[in-house]
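Note: the block below is entry.csv and it holds CSV, C-alpha atoms.
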chain,number,residue,atom,x,y,z
A,1,MET,CA,-26.5,-16.4,11.1
A,2,VAL,CA,-25.4,-12.8,10.7
A,3,SER,CA,-28.1,-10.6,9.0
A,4,HIS,CA,-27.4,-9.0,5.7
A,5,TRP,CA,-27.4,-5.6,7.2
A,6,GLN,CA,-24.7,-6.5,9.7
A,7,GLU,CA,-22.6,-8.0,6.9
A,8,PHE,CA,-22.7,-4.5,5.3
A,9,TRP,CA,-22.5,-2.4,8.4
A,10,LYS,CA,-19.5,-4.1,10.0
A,11,GLY,CA,-17.1,-2.9,7.3
A,12,ILE,CA,-17.9,0.7,8.2
A,13,THR,CA,-17.8,0.3,12.0
A,14,LYS,CA,-16.3,-2.6,13.9
A,15,LEU,CA,-14.2,-4.0,11.1
A,16,ASN,CA,-13.3,-0.6,9.5
A,17,PRO,CA,-10.4,-1.5,7.2
A,18,VAL,CA,-8.5,1.7,7.9
A,19,PHE,CA,-8.8,2.5,11.6
A,20,VAL,CA,-9.6,-0.9,13.1
A,21,ALA,CA,-7.6,-3.2,10.9
A,22,ALA,CA,-4.9,-0.7,9.7
A,23,LEU,CA,-5.0,-2.1,6.2
A,24,GLY,CA,-4.2,-0.3,2.9
A,25,LEU,CA,-2.2,2.4,4.7
A,26,CYS,CA,-0.2,3.5,1.6
A,27,PRO,CA,-3.2,5.0,-0.3
A,28,VAL,CA,-4.8,6.2,2.9
A,29,LEU,CA,-1.8,8.5,3.5
A,30,ALA,CA,-0.7,9.2,0.0
A,31,THR,CA,-4.1,10.1,-1.6
A,32,THR,CA,-5.6,12.2,1.1
A,33,THR,CA,-4.0,15.5,0.2
A,34,SER,CA,-7.4,16.8,-0.9
A,35,MET,CA,-11.0,15.6,-0.7
A,36,ASP,CA,-11.3,15.3,-4.5
A,37,ASN,CA,-8.4,12.8,-4.5
A,38,ALA,CA,-9.9,10.9,-1.6
A,39,ILE,CA,-13.3,10.6,-3.4
A,40,GLY,CA,-11.6,9.3,-6.5
A,41,MET,CA,-9.5,6.8,-4.6
A,42,GLY,CA,-12.5,5.6,-2.5
A,43,VAL,CA,-14.7,5.1,-5.6
A,44,ALA,CA,-12.0,3.3,-7.5
A,45,ALA,CA,-11.2,1.0,-4.6
A,46,THR,CA,-14.9,0.3,-3.9
A,47,PHE,CA,-15.5,-0.6,-7.5
A,48,VAL,CA,-12.6,-3.0,-7.5
A,49,LEU,CA,-13.7,-4.5,-4.2
A,50,VAL,CA,-17.3,-5.1,-5.3
A,51,CYS,CA,-16.4,-6.5,-8.8
A,52,SER,CA,-13.8,-8.8,-7.3
A,53,SER,CA,-16.2,-10.0,-4.6
A,54,ILE,CA,-18.7,-11.1,-7.3
A,55,PHE,CA,-16.1,-13.1,-9.3
A,56,VAL,CA,-14.2,-14.5,-6.3
A,57,SER,CA,-17.4,-15.7,-4.6
A,58,LEU,CA,-18.8,-17.2,-7.9
A,59,LEU,CA,-15.6,-19.0,-8.6
A,60,ARG,CA,-14.8,-20.0,-5.0
A,61,LYS,CA,-15.6,-23.7,-5.5
A,62,MET,CA,-13.6,-23.9,-8.7
A,63,ILE,CA,-10.3,-22.3,-7.5
A,64,PRO,CA,-7.9,-24.9,-6.2
A,65,ASP,CA,-6.8,-24.0,-2.7
A,66,ASN,CA,-3.0,-23.9,-3.3
A,67,VAL,CA,-3.2,-21.4,-6.2
A,68,ARG,CA,-5.9,-19.2,-4.7
A,69,ILE,CA,-3.8,-16.1,-4.0
A,70,PRO,CA,-2.5,-15.8,-7.6
A,71,VAL,CA,-6.0,-16.3,-8.9
A,72,PHE,CA,-7.4,-13.6,-6.6
A,73,ILE,CA,-4.6,-11.3,-7.7
A,74,VAL,CA,-5.4,-11.8,-11.4
A,75,ILE,CA,-9.1,-11.2,-10.8
A,76,ILE,CA,-8.3,-8.0,-8.8
A,77,ALA,CA,-5.7,-6.8,-11.3
A,78,THR,CA,-8.3,-7.2,-14.1
A,79,PHE,CA,-10.7,-4.8,-12.4
A,80,VAL,CA,-7.9,-2.4,-11.4
A,81,THR,CA,-6.9,-2.2,-15.1
A,82,ILE,CA,-10.6,-1.5,-16.0
A,83,ALA,CA,-10.8,1.2,-13.3
A,84,GLN,CA,-7.5,2.8,-14.5
A,85,LEU,CA,-8.5,2.9,-18.1
A,86,PHE,CA,-11.8,4.4,-17.2
A,87,MET,CA,-10.2,7.0,-15.0
A,88,LYS,CA,-7.6,7.9,-17.7
A,89,ALA,CA,-10.5,8.4,-20.2
A,90,TYR,CA,-13.0,10.3,-18.2
A,91,SER,CA,-10.9,12.1,-15.5
A,92,PRO,CA,-7.3,12.5,-16.6
A,93,ALA,CA,-6.6,15.2,-14.0
A,94,LEU,CA,-7.6,12.8,-11.2
A,95,ASP,CA,-5.6,10.0,-12.8
A,96,LYS,CA,-2.6,12.3,-12.8
A,97,SER,CA,-2.9,13.4,-9.2
A,98,LEU,CA,-3.5,9.8,-7.9
A,99,GLY,CA,-0.5,8.6,-10.0
A,100,ILE,CA,0.8,5.2,-9.3
A,101,PHE,CA,-1.7,4.7,-6.5
A,102,VAL,CA,-4.4,3.7,-9.0
A,103,PRO,CA,-2.5,0.7,-10.3
A,104,LEU,CA,-1.3,0.0,-6.8
A,105,ILE,CA,-4.9,-0.8,-5.8
A,106,VAL,CA,-4.0,-4.3,-7.0
A,107,VAL,CA,-1.8,-4.8,-3.9
A,108,ASN,CA,-4.2,-3.0,-1.5
A,109,CYS,CA,-4.5,-5.6,1.2
A,110,ILE,CA,-8.0,-4.6,2.0
A,111,ILE,CA,-9.1,-6.3,-1.2
A,112,LEU,CA,-6.8,-9.3,-1.0
A,113,GLY,CA,-7.7,-9.6,2.7
A,114,ARG,CA,-11.4,-9.7,2.1
A,115,ALA,CA,-11.0,-12.0,-0.8
A,116,GLU,CA,-9.0,-14.4,1.3
A,117,SER,CA,-11.1,-14.3,4.4
A,118,PHE,CA,-14.6,-13.6,3.2
A,119,PHE,CA,-15.4,-13.7,-0.5
A,120,SER,CA,-13.8,-17.2,-0.9
A,121,LYS,CA,-16.0,-18.6,1.8
A,122,ASN,CA,-19.4,-16.9,1.3
A,123,ASN,CA,-22.1,-16.6,-1.3
A,124,ILE,CA,-22.4,-13.7,-3.8
A,125,VAL,CA,-25.0,-11.7,-1.9
A,126,ARG,CA,-23.1,-11.7,1.4
A,127,SER,CA,-19.8,-11.1,-0.4
A,128,MET,CA,-21.1,-8.1,-2.3
A,129,LEU,CA,-22.6,-6.6,0.9
A,130,ASP,CA,-19.3,-7.2,2.7
A,131,ALA,CA,-17.4,-5.6,-0.2
A,132,LEU,CA,-19.7,-2.6,-0.3
A,133,GLY,CA,-19.4,-2.1,3.5
A,134,ALA,CA,-15.6,-2.4,3.4
A,135,GLY,CA,-15.3,-0.1,0.4
A,136,LEU,CA,-17.6,2.5,2.1
A,137,GLY,CA,-15.7,2.2,5.3
A,138,PHE,CA,-12.5,2.8,3.5
A,139,THR,CA,-13.9,5.7,1.6
A,140,LEU,CA,-15.4,7.4,4.7
A,141,ALA,CA,-12.1,6.9,6.6
A,142,ILE,CA,-10.0,8.6,3.8
A,143,LEU,CA,-12.6,11.3,3.5
A,144,LEU,CA,-12.3,12.1,7.2
A,145,ILE,CA,-8.5,12.2,6.9
A,146,SER,CA,-8.4,14.2,3.7
A,147,GLY,CA,-11.0,16.6,5.2
A,148,ILE,CA,-8.9,17.3,8.2
A,149,ARG,CA,-5.7,17.7,6.1
A,150,GLU,CA,-7.3,19.9,3.5
A,151,LEU,CA,-9.0,22.1,6.0
A,152,LEU,CA,-5.9,22.7,8.1
A,153,GLY,CA,-3.5,22.7,5.2
A,154,THR,CA,-5.3,25.2,3.0
A,155,GLY,CA,-7.9,26.8,5.3
A,156,GLU,CA,-10.8,25.7,3.1
A,157,LEU,CA,-12.6,22.7,1.8
A,158,ILE,CA,-13.2,22.5,-1.9
A,159,ILE,CA,-15.1,19.5,-3.5
A,160,PHE,CA,-15.2,19.4,-7.3
A,161,GLY,CA,-14.6,23.2,-7.5
A,162,ILE,CA,-17.3,24.1,-5.0
A,163,LYS,CA,-16.2,25.7,-1.8
A,164,ILE,CA,-17.9,23.9,1.1
A,165,LEU,CA,-16.2,25.5,4.1
A,166,ALA,CA,-13.6,28.0,5.0
A,167,ILE,CA,-12.0,28.8,8.3
A,168,PRO,CA,-10.2,32.0,9.2
A,169,ILE,CA,-6.8,30.5,10.1
A,170,THR,CA,-3.3,30.7,8.6
A,171,PRO,CA,-3.0,27.5,6.6
A,172,ALA,CA,-0.5,25.1,8.0
A,173,VAL,CA,0.9,23.8,4.8
A,174,ILE,CA,2.6,20.9,6.6
A,175,PHE,CA,-0.7,19.1,6.7
A,176,ILE,CA,-0.9,18.6,3.0
A,177,LEU,CA,2.7,17.5,2.9
A,178,ALA,CA,3.9,14.0,3.9
A,179,PRO,CA,4.5,14.6,7.7
A,180,GLY,CA,0.9,15.9,8.0
A,181,ALA,CA,-0.5,12.7,6.7
A,182,LEU,CA,1.3,10.6,9.3
A,183,LEU,CA,0.5,13.1,12.1
A,184,THR,CA,-3.2,13.2,11.3
A,185,MET,CA,-3.4,9.4,11.1
A,186,GLY,CA,-1.5,9.0,14.4
A,187,LEU,CA,-3.7,11.6,16.2
A,188,LEU,CA,-6.9,10.1,14.8
A,189,LEU,CA,-5.9,6.6,16.0
A,190,ALA,CA,-5.1,8.0,19.4
A,191,LEU,CA,-8.4,9.8,19.5
A,192,PHE,CA,-10.3,6.6,18.7
A,193,ASN,CA,-8.4,4.8,21.3
A,194,ALA,CA,-9.2,7.4,23.9
A,195,LEU,CA,-12.9,7.2,22.9
A,196,GLY,CA,-12.8,3.5,23.6
A,197,VAL,CA,-12.9,2.3,20.0
A,198,LYS,CA,-10.7,-0.8,19.5
A,199,THR,CA,-8.1,0.2,16.9
A,200,ALA,CA,-5.4,-1.8,15.3
A,201,LYS,CA,-2.4,-2.8,17.5
A,202,LYS,CA,-0.4,-3.7,14.4
A,203,THR,CA,-0.6,-3.8,10.7
A,204,SER,CA,-1.4,-7.2,9.3
A,205,CYS,CA,-1.0,-6.7,5.5
A,206,SER,CA,2.1,-8.9,5.1
A,207,THR,CA,0.5,-11.9,6.6
A,208,ILE,CA,-2.6,-11.6,4.4
A,209,ALA,CA,-0.5,-11.1,1.3
A,210,SER,CA,1.7,-14.1,1.8
A,211,GLY,CA,-1.4,-16.3,2.3
A,212,VAL,CA,-0.3,-17.4,5.8
A,213,LYS,CA,-3.4,-18.4,7.7
A,214,GLU,CA,-3.5,-16.9,11.1
U,1,MET,CA,22.3,8.7,-20.1
U,2,GLU,CA,20.9,9.9,-16.9
U,3,ASN,CA,23.0,10.8,-13.9
U,4,LEU,CA,23.0,7.6,-11.9
U,5,LEU,CA,24.4,9.2,-8.7
U,6,ALA,CA,21.7,11.9,-8.7
U,7,LEU,CA,19.1,9.2,-9.3
U,8,ALA,CA,20.4,7.2,-6.4
U,9,ILE,CA,20.5,10.1,-3.9
U,10,SER,CA,17.1,11.2,-5.0
U,11,MET,CA,15.6,7.7,-4.4
U,12,ILE,CA,17.3,7.3,-1.0
U,13,PHE,CA,16.8,10.7,0.5
U,14,VAL,CA,14.7,13.2,-1.4
U,15,ASN,CA,12.0,10.8,-2.6
U,16,ASN,CA,12.4,8.3,0.2
U,17,PHE,CA,9.9,5.6,-0.5
U,18,ILE,CA,8.4,5.3,3.0
U,19,LEU,CA,8.7,8.8,4.4
U,20,THR,CA,7.7,10.9,1.4
U,21,LYS,CA,6.1,8.6,-1.1
U,22,PHE,CA,4.2,6.4,1.3
U,23,LEU,CA,5.1,3.1,-0.3
U,24,GLY,CA,5.6,0.0,1.8
U,25,LEU,CA,4.1,1.3,5.0
U,26,CYS,CA,2.8,-2.1,6.1
U,27,PRO,CA,6.3,-3.7,6.6
U,28,PHE,CA,7.5,-0.4,7.9
U,29,PHE,CA,5.2,-0.4,10.8
U,30,GLY,CA,5.0,-4.2,11.0
U,31,VAL,CA,8.7,-5.2,11.1
U,32,SER,CA,10.3,-2.2,12.7
U,33,LYS,CA,10.1,-3.3,16.4
U,34,LYS,CA,13.5,-4.9,16.4
U,35,THR,CA,16.7,-3.7,14.6
U,36,GLU,CA,17.6,-7.3,13.7
U,37,SER,CA,14.5,-8.1,11.8
U,38,ALA,CA,14.4,-4.6,10.3
U,39,LEU,CA,17.8,-5.3,8.8
U,40,GLY,CA,16.8,-8.6,7.4
U,41,MET,CA,13.6,-7.2,5.9
U,42,GLY,CA,15.4,-4.2,4.4
U,43,LEU,CA,18.1,-6.4,2.7
U,44,ALA,CA,15.4,-8.6,1.3
U,45,VAL,CA,13.5,-5.6,0.0
U,46,ILE,CA,16.7,-4.2,-1.7
U,47,PHE,CA,17.2,-7.6,-3.3
U,48,VAL,CA,13.7,-8.0,-4.6
U,49,MET,CA,13.4,-4.4,-5.8
U,50,GLY,CA,16.5,-4.8,-7.9
U,51,ILE,CA,15.2,-8.0,-9.5
U,52,ALA,CA,11.7,-6.6,-9.9
U,53,SER,CA,13.1,-3.4,-11.6
U,54,ALA,CA,15.1,-5.4,-14.0
U,55,ALA,CA,12.4,-7.9,-14.8
U,56,SER,CA,9.6,-5.4,-15.2
U,57,TRP,CA,11.8,-3.1,-17.4
U,58,LEU,CA,12.6,-6.0,-19.7
U,59,LEU,CA,9.0,-7.2,-19.8
U,60,PHE,CA,7.7,-3.7,-20.6
U,61,ASN,CA,10.3,-2.7,-23.2
U,62,LEU,CA,10.7,-6.0,-25.0
U,63,ILE,CA,7.2,-7.5,-24.9
U,64,LEU,CA,4.5,-5.1,-23.9
U,65,GLU,CA,5.5,-2.0,-25.8
U,66,PRO,CA,6.5,-3.7,-29.1
U,67,LEU,CA,3.2,-5.7,-29.1
U,68,ASP,CA,1.2,-2.6,-28.1
U,69,ILE,CA,-0.4,-4.2,-25.1
U,70,GLU,CA,0.7,-1.8,-22.4
U,71,TYR,CA,-2.7,-2.1,-20.8
U,72,LEU,CA,-1.6,-5.5,-19.5
U,73,GLN,CA,1.1,-3.8,-17.4
U,74,ILE,CA,-0.6,-4.2,-14.0
U,75,ILE,CA,-1.4,-7.9,-14.4
U,76,THR,CA,1.9,-8.9,-16.0
U,77,PHE,CA,4.0,-6.9,-13.5
U,78,ILE,CA,2.5,-8.4,-10.4
U,79,LEU,CA,2.7,-11.9,-11.8
U,80,ILE,CA,6.3,-11.7,-13.0
U,81,ILE,CA,7.3,-10.2,-9.6
U,82,ALA,CA,5.5,-12.9,-7.7
U,83,PHE,CA,7.0,-15.6,-9.9
U,84,LEU,CA,10.5,-14.3,-9.6
U,85,VAL,CA,10.4,-14.0,-5.9
U,86,GLN,CA,9.2,-17.6,-5.6
U,87,LEU,CA,12.0,-18.7,-7.9
U,88,VAL,CA,14.6,-16.8,-5.9
U,89,GLU,CA,13.3,-18.2,-2.7
U,90,LEU,CA,13.5,-21.8,-3.9
U,91,PHE,CA,17.0,-21.2,-5.3
U,92,ILE,CA,18.3,-19.7,-2.0
U,93,LYS,CA,16.7,-22.4,0.0
U,94,LYS,CA,18.5,-25.0,-2.0
U,95,TYR,CA,21.9,-23.5,-2.2
U,96,SER,CA,22.5,-21.3,0.8
U,97,GLU,CA,20.8,-22.2,4.1
U,98,LYS,CA,22.5,-19.3,5.8
U,99,LEU,CA,21.1,-16.7,3.4
U,100,TYR,CA,17.7,-18.4,3.5
U,101,ASN,CA,17.6,-18.0,7.2
U,102,ALA,CA,18.5,-14.4,7.0
U,103,LEU,CA,16.3,-13.3,4.1
U,104,GLY,CA,14.1,-16.2,3.3
U,105,ILE,CA,11.3,-15.6,5.8
U,106,TYR,CA,10.8,-12.1,4.5
U,107,LEU,CA,10.7,-12.9,0.8
U,108,PRO,CA,7.1,-14.1,0.6
U,109,LEU,CA,6.0,-11.2,2.7
U,110,ILE,CA,7.2,-8.7,0.2
U,111,THR,CA,5.9,-10.2,-3.1
U,112,THR,CA,2.8,-8.1,-2.9
U,113,ASN,CA,4.4,-5.2,-1.1
U,114,CYS,CA,3.3,-2.0,-2.8
U,115,ALA,CA,6.8,-0.6,-2.7
U,116,VAL,CA,8.1,-3.3,-5.0
U,117,LEU,CA,5.3,-3.0,-7.5
U,118,GLY,CA,5.5,0.8,-7.1
U,119,VAL,CA,9.2,1.0,-8.1
U,120,ALA,CA,8.4,-1.1,-11.2
U,121,PHE,CA,5.7,1.3,-12.2
U,122,LEU,CA,7.8,4.4,-11.4
U,123,ASN,CA,10.7,3.2,-13.5
U,124,ILE,CA,8.5,2.9,-16.5
U,125,GLN,CA,6.8,6.2,-15.8
U,126,GLU,CA,10.1,8.0,-15.5
U,127,ASN,CA,11.3,6.4,-18.7
U,128,LEU,CA,14.6,5.2,-17.2
U,129,SER,CA,17.2,3.1,-19.1
U,130,PHE,CA,17.8,-0.5,-18.1
U,131,ILE,CA,20.7,0.3,-15.9
U,132,GLY,CA,18.9,3.3,-14.5
U,133,ALA,CA,15.9,1.1,-13.6
U,134,ILE,CA,18.1,-1.3,-11.7
U,135,VAL,CA,20.0,1.6,-9.9
U,136,GLY,CA,16.6,3.2,-9.1
U,137,GLY,CA,15.2,0.0,-7.8
U,138,ILE,CA,18.2,-0.8,-5.6
U,139,SER,CA,18.5,2.7,-4.2
U,140,ALA,CA,14.8,2.8,-3.5
U,141,GLY,CA,15.4,-0.3,-1.4
U,142,VAL,CA,18.3,1.3,0.3
U,143,GLY,CA,16.1,4.2,1.2
U,144,PHE,CA,13.6,1.7,2.6
U,145,LEU,CA,16.3,0.0,4.7
U,146,LEU,CA,17.4,3.4,6.0
U,147,ALA,CA,14.0,4.4,7.1
U,148,LEU,CA,13.3,1.0,8.6
U,149,LEU,CA,16.6,1.0,10.6
U,150,LEU,CA,16.0,4.5,11.9
U,151,MET,CA,12.5,3.6,12.9
U,152,SER,CA,13.5,0.4,14.6
U,153,GLY,CA,16.2,2.2,16.6
U,154,ILE,CA,13.6,4.7,17.9
U,155,ARG,CA,11.0,2.1,18.6
U,156,GLU,CA,13.4,0.0,20.7
U,157,ARG,CA,14.0,3.0,22.9
U,158,LEU,CA,10.3,3.8,22.9
U,159,GLU,CA,9.6,0.4,24.5
U,160,LEU,CA,11.2,1.8,27.7
U,161,MET,CA,9.3,5.1,27.6
U,162,GLU,CA,6.0,5.9,29.3
U,163,VAL,CA,3.7,6.6,26.4
U,164,PRO,CA,0.2,7.9,27.3
U,165,ALA,CA,-2.3,5.0,27.0
U,166,PRO,CA,-4.2,6.1,23.9
U,167,PHE,CA,-1.0,6.6,22.0
U,168,LYS,CA,0.5,3.1,22.8
U,169,GLY,CA,1.4,1.0,19.8
U,170,LEU,CA,0.5,2.3,16.4
U,171,PRO,CA,-0.5,5.9,17.1
U,172,ILE,CA,2.9,6.8,18.6
U,173,ALA,CA,4.6,5.0,15.7
U,174,PHE,CA,2.8,7.2,13.3
U,175,ILE,CA,3.8,10.3,15.2
U,176,VAL,CA,7.4,9.2,15.3
U,177,ALA,CA,7.3,8.5,11.5
U,178,SER,CA,5.7,12.0,11.0
U,179,LEU,CA,8.7,13.6,12.8
U,180,MET,CA,11.1,11.6,10.7
U,181,SER,CA,9.3,12.5,7.6
U,182,LEU,CA,9.6,16.2,8.7
U,183,ALA,CA,13.3,15.7,9.0
U,184,PHE,CA,13.5,14.1,5.5
U,185,LEU,CA,11.7,17.2,4.1
U,186,GLY,CA,15.0,18.9,4.7
U,187,PHE,CA,16.4,16.9,1.8
U,188,ALA,CA,13.9,18.4,-0.7
U,189,GLY,CA,15.6,20.7,-3.1
U,190,MET,CA,19.0,18.9,-2.7
U,191,ILE,CA,18.6,17.5,-6.2
Would it be possible to restate this file's structure as C-alpha cells?
Amino acid sequence: MVSHWQEFWKGITKLNPVFVAALGLCPVLATTTSMDNAIGMGVAATFVLVCSSIFVSLLRKMIPDNVRIPVFIVIIATFVTIAQLFMKAYSPALDKSLGIFVPLIVVNCIILGRAESFFSKNNIVRSMLDALGAGLGFTLAILLISGIRELLGTGELIIFGIKILAIPITPAVIFILAPGALLTMGLLLALFNALGVKTAKKTSCSTIASGVKE
Amino acid sequence: MENLLALAISMIFVNNFILTKFLGLCPFFGVSKKTESALGMGLAVIFVMGIASAASWLLFNLILEPLDIEYLQIITFILIIAFLVQLVELFIKKYSEKLYNALGIYLPLITTNCAVLGVAFLNIQENLSFIGAIVGGISAGVGFLLALLLMSGIRERLELMEVPAPFKGLPIAFIVASLMSLAFLGFAGMI
C-alpha cells in the first residue's frame, strides 16, 4: 500500500502533471506571462482539483460507469463556476488578465484525468492528497515557467507589487509574448531530459477526455 | 454588422488559436505527426467549432440571458457541446460511412478540447452576432487546421533529422512551434 505522503508527493515529482505528463498545456503556456497570473491560475486549479476530488471520491460508487465522464464534467464545472465568481468578486484585475482561461479550467485534462484515473477509484483521504499534490505540482511548474519568462522578458520579478529580483539585462520582450512561452517550455523539457528526469513523450489529453481506457 | 472578412482573417492569422492564443495545444502536439491525420483532425475541428459556436450563441442569447442565469454558462456550454458532438457522430455514422471514417474517430477527441469551448466563450465575450459567431467559429477552426498542417509538414521532415537526444520528441516540437509562432507574430497589426 502506498503511504499517504507518497500519494501527495508523486503529483509534485514523478507524476508532475506539466513536465512528466504534459497535461493542461494551454493554461501552462497562456497564463505564465507573469508570476501573479501563474499564482492565480495555480490557486484556482488547485481549488477545483481538491473540491472535485472530494465529490468524485464520495460519489464514486453511485456514478454509473457509462455516464461517468459527463458526471465528472458537471462536478468540475460547478467548482470552476464557483472559482470564477469568487475571482470576479475579489480580484477583478486577475480575472481580466486570465480571461477565458478561468472558465477553461473545466476542460483542463489534469482534473478530468485525475478524476478518471484516481478519484473514481480511491477513498476521500487519498483522493484529496492526490489532488493537493497534483495541484501543487501544477502550480510549482507554472511558477517556474512564469518566473523564467517574467525575469527574461521584463528584467525583474514582481509578485503582488513587490519587487523580488532584478537583473541588469536588456529585457527580451519576446519571452512574455507567445513564442517565448513555447520556447521556454521546450527548453525546460529538454533540460529535464538531459538531467535524466523522465518527461512526456507525447500529450495524452485527448485520450483521457474521450474516456478511452488505455 | 461587423466586418466578417476582417473577423475571419483575424481569427485565422492574427489571433491564430494555437500559435498566439494557446488554445487546443493537446491535439496540436498529439495529432501533428502525419499530414493525413492532421487534415482529418483539422476538418473535424472546423466542423465542431462551427456547430458549437451556433449552439452556444443560441443558448446564451435565447435562454441564459433572458432568464438572467449567465452564471450557468460554463456548465451548459460544455454539456451542449458534448451532446451535439455525440449527436453528429451518431448521425454521420448512420448516413455516411465514408465521412465517418474520415472525421468520426476525431470527433469524441475534441468534445472537451479547450479550443472548442474557448471559441464559444470568446464569441459571447466579443458580443458577436449570430452570423458573426458562426464565421468566427469556422475561421478559428481554419486557423487551427492551418497551424496543424504546417506543423505536421515540419514534423514529417523532422523524423529524418538528427535531433540531439534531450530534444527528441516533445521538446523539439515546442521549439518548432515557437518559431512558427514567431512567424505568425508578423501578422499582428494587419487588422
### Message
Here is a test: counting only C-alpha atoms, which residue of A:Thr184, A:Ser34, A:Val173, A:Leu49 is nearest to chain U?
### Response
A:Thr184
### Message
Restricting the calculation to all atoms listed in the file: of U:Ser152, U:Gln125, U:Asn15, U:Thr20, which residue gets closest to Gly42 of chain U?
### Response
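Among the listed residues, U:Ser152 lies closest to Gly42 of chain U.
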#### Entry: For Leu182 of chain A: contacts at 7 Å, all atoms listed in the file, fewer than 5 positions along chain excluded, given as JSON, numbers by chain
{"A": [29], "U": [174, 175, 177, 178]}
### Message
Please compute the atom CA of Ala147 of chain U-atom CA of Gly153 of chain A distance, one decimal, in Å.
### Response
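The value is 25.4 Å.
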#### Entry: Distance query segment 136-139 of chain A at most 8 Å, all atoms listed in the file, self and fewer than 3 positions along chain excluded, as number ranges by chain
A: 11-13, 16-18, 38-39, 41-43, 46, 132-133, 142-143
Using all atoms listed in the file, what table do you get, as JSON lines, when you list each residue of chain U with an atom no more than 6 Å from chain A, its nearest pair of atoms, and their distance in Å rounded to one decimal, rows by chain then rising number?
{"residue": "U:Thr20", "atom": "CA", "partner": "A:Ala178", "partner_atom": "CA", "distance": 5.5}
{"residue": "U:Phe22", "atom": "CA", "partner": "A:Cys26", "partner_atom": "CA", "distance": 5.3}
{"residue": "U:Leu23", "atom": "CA", "partner": "A:Cys26", "partner_atom": "CA", "distance": 5.6}
{"residue": "U:Leu25", "atom": "CA", "partner": "A:Cys26", "partner_atom": "CA", "distance": 5.9}
{"residue": "U:Cys26", "atom": "CA", "partner": "A:Thr203", "partner_atom": "CA", "distance": 6.0}
{"residue": "U:Gly30", "atom": "CA", "partner": "A:Thr203", "partner_atom": "CA", "distance": 5.6}
{"residue": "U:Ile75", "atom": "CA", "partner": "A:Ala77", "partner_atom": "CA", "distance": 5.4}
{"residue": "U:Pro108", "atom": "CA", "partner": "A:Ser210", "partner_atom": "CA", "distance": 5.5}
{"residue": "U:Leu109", "atom": "CA", "partner": "A:Ser206", "partner_atom": "CA", "distance": 5.1}
{"residue": "U:Thr112", "atom": "CA", "partner": "A:Val107", "partner_atom": "CA", "distance": 5.7}
{"residue": "U:Cys114", "atom": "CA", "partner": "A:Val107", "partner_atom": "CA", "distance": 5.9}
{"residue": "U:Pro166", "atom": "CA", "partner": "A:Ala190", "partner_atom": "CA", "distance": 5.0}
{"residue": "U:Phe167", "atom": "CA", "partner": "A:Ala190", "partner_atom": "CA", "distance": 5.1}
{"residue": "U:Gly169", "atom": "CA", "partner": "A:Lys201", "partner_atom": "CA", "distance": 5.8}
{"residue": "U:Leu170", "atom": "CA", "partner": "A:Lys201", "partner_atom": "CA", "distance": 6.0}
{"residue": "U:Pro171", "atom": "CA", "partner": "A:Gly186", "partner_atom": "CA", "distance": 4.2}
{"residue": "U:Phe174", "atom": "CA", "partner": "A:Gly186", "partner_atom": "CA", "distance": 4.8}
{"residue": "U:Ile175", "atom": "CA", "partner": "A:Leu183", "partner_atom": "CA", "distance": 5.3}
{"residue": "U:Ser178", "atom": "CA", "partner": "A:Pro179", "partner_atom": "CA", "distance": 4.4}
{"residue": "U:Ser181", "atom": "CA", "partner": "A:Pro179", "partner_atom": "CA", "distance": 5.2}
{"residue": "U:Leu182", "atom": "CA", "partner": "A:Pro179", "partner_atom": "CA", "distance": 5.4}
#### Entry: Who sits within 12 Å of Leu59 of chain A, only C-alpha atoms, same chain under 2 positions skipped, as a VMD selection string
chain A and resid 52 to 57 61 to 65 68 71 to 72 75 115 119 to 124
### Task
Identify, on the basis of all atoms listed in the file, every residue whose closest approach to segment 45-54 of chain U does not exceed 9 Å; exclude the query and any residue fewer than 3 positions from it along the same chain; express the result as a ChimeraX atom specification.
/U:40-42,57-59,77,80-81,84-85,88,106-107,110-111,115-117,119-121,123,130-131,133-145
